[in-house]
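This report concerns only the one structure given below.
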Amino acid sequence: DSPTVSPTTNTAAPTDSPTVLPTVSPTTSAPTAAPTRACEPGTFLNASHTDRCQPCLAGRFSNAPNSPTCAICSAGRYAPTNSSASCALCEGGRYLEDDGLDQTKHDSRVDCVECEEDQFSSEDRSVCVTCNAGTEPMNVEW
């Protein structure tokens with residue numbers, strides 16, 4: 001017996017002897033789209049302009065992949081560099097009142113203002129609180 005040169009029927013079943021040509025045609029479906037790269041935390045997907053990941057500017061952050069925007073740091077926090085995935089808490093004895101309204105008030109450590117001598121910063125560093133009479137600030141890191 002010699003092998004067949006072309007398929008004898010258009011089936012997917014195997015033949016008794018080897019064939020020179022395949023018996024089943026390859027699929028003709030369109031290729032799938034290439035996967036898009038995820039934007040890392042500290043960046044955002046700028047879909048309206050470039051469809052590429054852009055860094056968050058100082059004073060802003062994104063803490064999740066594929067963020068559509070970067071948020072301004074909240075009161076008591078700042079992000080001194082581009083591409084921040086989080087905001088740093090002001091040091092003890094300092095505060096930052098702006099609650100995410102002005103990015104330029106959250107882009108440097110010096111944006112955190114020192115509390116007055118008889119005051120201490122709140123836990124979230126958004127305000128300074130006056131000490132009770134006869135006490136001293138405990139969270140001051142001068």
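Starting from 1 in every chain, residues are counted up; chains themselves are A, B, ... following the order of the structure tokens, and ligands are numbered from 1 as listed.
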
Discussion item. Which residues are close to Arg109 of chain A, i.e. within 9 Å by only C-alpha atoms, leaving aside same-chain residues fewer than 5 positions away? Reply as an MDAnalysis selection string.
Written reply: chainID A and resid 77:80 88 90:91

Worksheet item: Using only C-alpha atoms, which of A:Leu89, A:Ala38, A:Asn63, A:Tyr95 sits nearest Gln119 of chain A?
Response: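 Closest to Gln119 of chain A of all the choices is A:Tyr95.
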
Worksheet item: A:Arg52, A:Leu101, A:Phe44, A:Asp118: which is nearest Pro68 of chain A, counting only C-alpha atoms?
Response: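 Distance minimum relative to Pro68 of chain A lands on A:Phe44.
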
Worksheet item: Near Asn82 of chain A, counting only C-alpha atoms, which residues have an atom at most 12 Å away, once you skip same-chain residues fewer than 6 positions from it, shown as a PyMOL selection string?
Response: chain A and resi 41-44+54-62+70+103+106-108

Got time to write the residues from that selection, N, CA and C atoms, as a PDB file, in the first residue's frame?
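Result went into again_11.pdb, see below:
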ATOM      1  N   PRO A  41       0.460  51.210  39.628  1.00  0.00           N
ATOM      2  CA  PRO A  41       0.163  52.265  40.594  1.00  0.00           C
ATOM      3  C   PRO A  41       1.225  53.371  40.478  1.00  0.00           C
ATOM      4  N   GLY A  42       0.792  54.618  40.656  1.00  0.00           N
ATOM      5  CA  GLY A  42       1.686  55.754  40.455  1.00  0.00           C
ATOM      6  C   GLY A  42       1.571  56.336  39.057  1.00  0.00           C
ATOM      7  N   THR A  43       0.769  55.657  38.216  1.00  0.00           N
ATOM      8  CA  THR A  43       0.507  56.144  36.862  1.00  0.00           C
ATOM      9  C   THR A  43      -0.997  56.087  36.613  1.00  0.00           C
ATOM     10  N   PHE A  44      -1.416  56.668  35.485  1.00  0.00           N
ATOM     11  CA  PHE A  44      -2.827  56.585  35.099  1.00  0.00           C
ATOM     12  C   PHE A  44      -2.912  56.370  33.605  1.00  0.00           C
ATOM     13  N   GLN A  54       0.618  57.352  31.970  1.00  0.00           N
ATOM     14  CA  GLN A  54       1.299  58.611  32.263  1.00  0.00           C
ATOM     15  C   GLN A  54       1.581  58.659  33.760  1.00  0.00           C
ATOM     16  N   PRO A  55       2.714  59.243  34.175  1.00  0.00           N
ATOM     17  CA  PRO A  55       3.015  59.316  35.615  1.00  0.00           C
ATOM     18  C   PRO A  55       2.118  60.331  36.323  1.00  0.00           C
ATOM     19  N   CYS A  56       1.770  60.023  37.558  1.00  0.00           N
ATOM     20  CA  CYS A  56       1.091  61.006  38.394  1.00  0.00           C
ATOM     21  C   CYS A  56       2.121  62.078  38.732  1.00  0.00           C
ATOM     22  N   LEU A  57       1.726  63.331  38.710  1.00  0.00           N
ATOM     23  CA  LEU A  57       2.646  64.417  39.040  1.00  0.00           C
ATOM     24  C   LEU A  57       2.762  64.547  40.548  1.00  0.00           C
ATOM     25  N   ALA A  58       3.841  65.179  41.007  1.00  0.00           N
ATOM     26  CA  ALA A  58       4.041  65.398  42.442  1.00  0.00           C
ATOM     27  C   ALA A  58       2.794  66.062  43.014  1.00  0.00           C
ATOM     28  N   GLY A  59       2.387  65.631  44.204  1.00  0.00           N
ATOM     29  CA  GLY A  59       1.161  66.121  44.827  1.00  0.00           C
ATOM     30  C   GLY A  59      -0.045  65.256  44.534  1.00  0.00           C
ATOM     31  N   ARG A  60       0.117  64.304  43.630  1.00  0.00           N
ATOM     32  CA  ARG A  60      -0.973  63.385  43.241  1.00  0.00           C
ATOM     33  C   ARG A  60      -0.477  61.945  43.340  1.00  0.00           C
ATOM     34  N   PHE A  61      -1.421  61.001  43.385  1.00  0.00           N
ATOM     35  CA  PHE A  61      -1.072  59.584  43.476  1.00  0.00           C
ATOM     36  C   PHE A  61      -2.164  58.734  42.852  1.00  0.00           C
ATOM     37  N   SER A  62      -1.812  57.502  42.522  1.00  0.00           N
ATOM     38  CA  SER A  62      -2.803  56.468  42.170  1.00  0.00           C
ATOM     39  C   SER A  62      -2.298  55.189  42.817  1.00  0.00           C
ATOM     40  N   CYS A  70      -5.255  60.491  38.593  1.00  0.00           N
ATOM     41  CA  CYS A  70      -4.456  60.534  39.818  1.00  0.00           C
ATOM     42  C   CYS A  70      -5.158  61.498  40.769  1.00  0.00           C
ATOM     43  N   GLN A 103      -3.125  70.715  44.245  1.00  0.00           N
ATOM     44  CA  GLN A 103      -1.987  69.799  44.108  1.00  0.00           C
ATOM     45  C   GLN A 103      -0.683  70.440  44.563  1.00  0.00           C
ATOM     46  N   HIS A 106       0.562  69.944  48.123  1.00  0.00           N
ATOM     47  CA  HIS A 106       0.810  68.556  48.546  1.00  0.00           C
ATOM     48  C   HIS A 106       2.020  67.959  47.845  1.00  0.00           C
ATOM     49  N   ASP A 107       2.888  68.779  47.269  1.00  0.00           N
ATOM     50  CA  ASP A 107       3.982  68.247  46.458  1.00  0.00           C
ATOM     51  C   ASP A 107       5.362  68.340  47.101  1.00  0.00           C
ATOM     52  N   SER A 108       5.410  68.694  48.377  1.00  0.00           N
ATOM     53  CA  SER A 108       6.696  68.814  49.051  1.00  0.00           C
ATOM     54  C   SER A 108       6.536  68.645  50.560  1.00  0.00           C
TER      55      SER A 108
END

Discussion item. With distances taken over only C-alpha atoms, which residue among A:Ile72, A:Cys39, A:Leu96, A:Cys128 lies nearest Val110 of chain A?
Written reply: A:Leu96
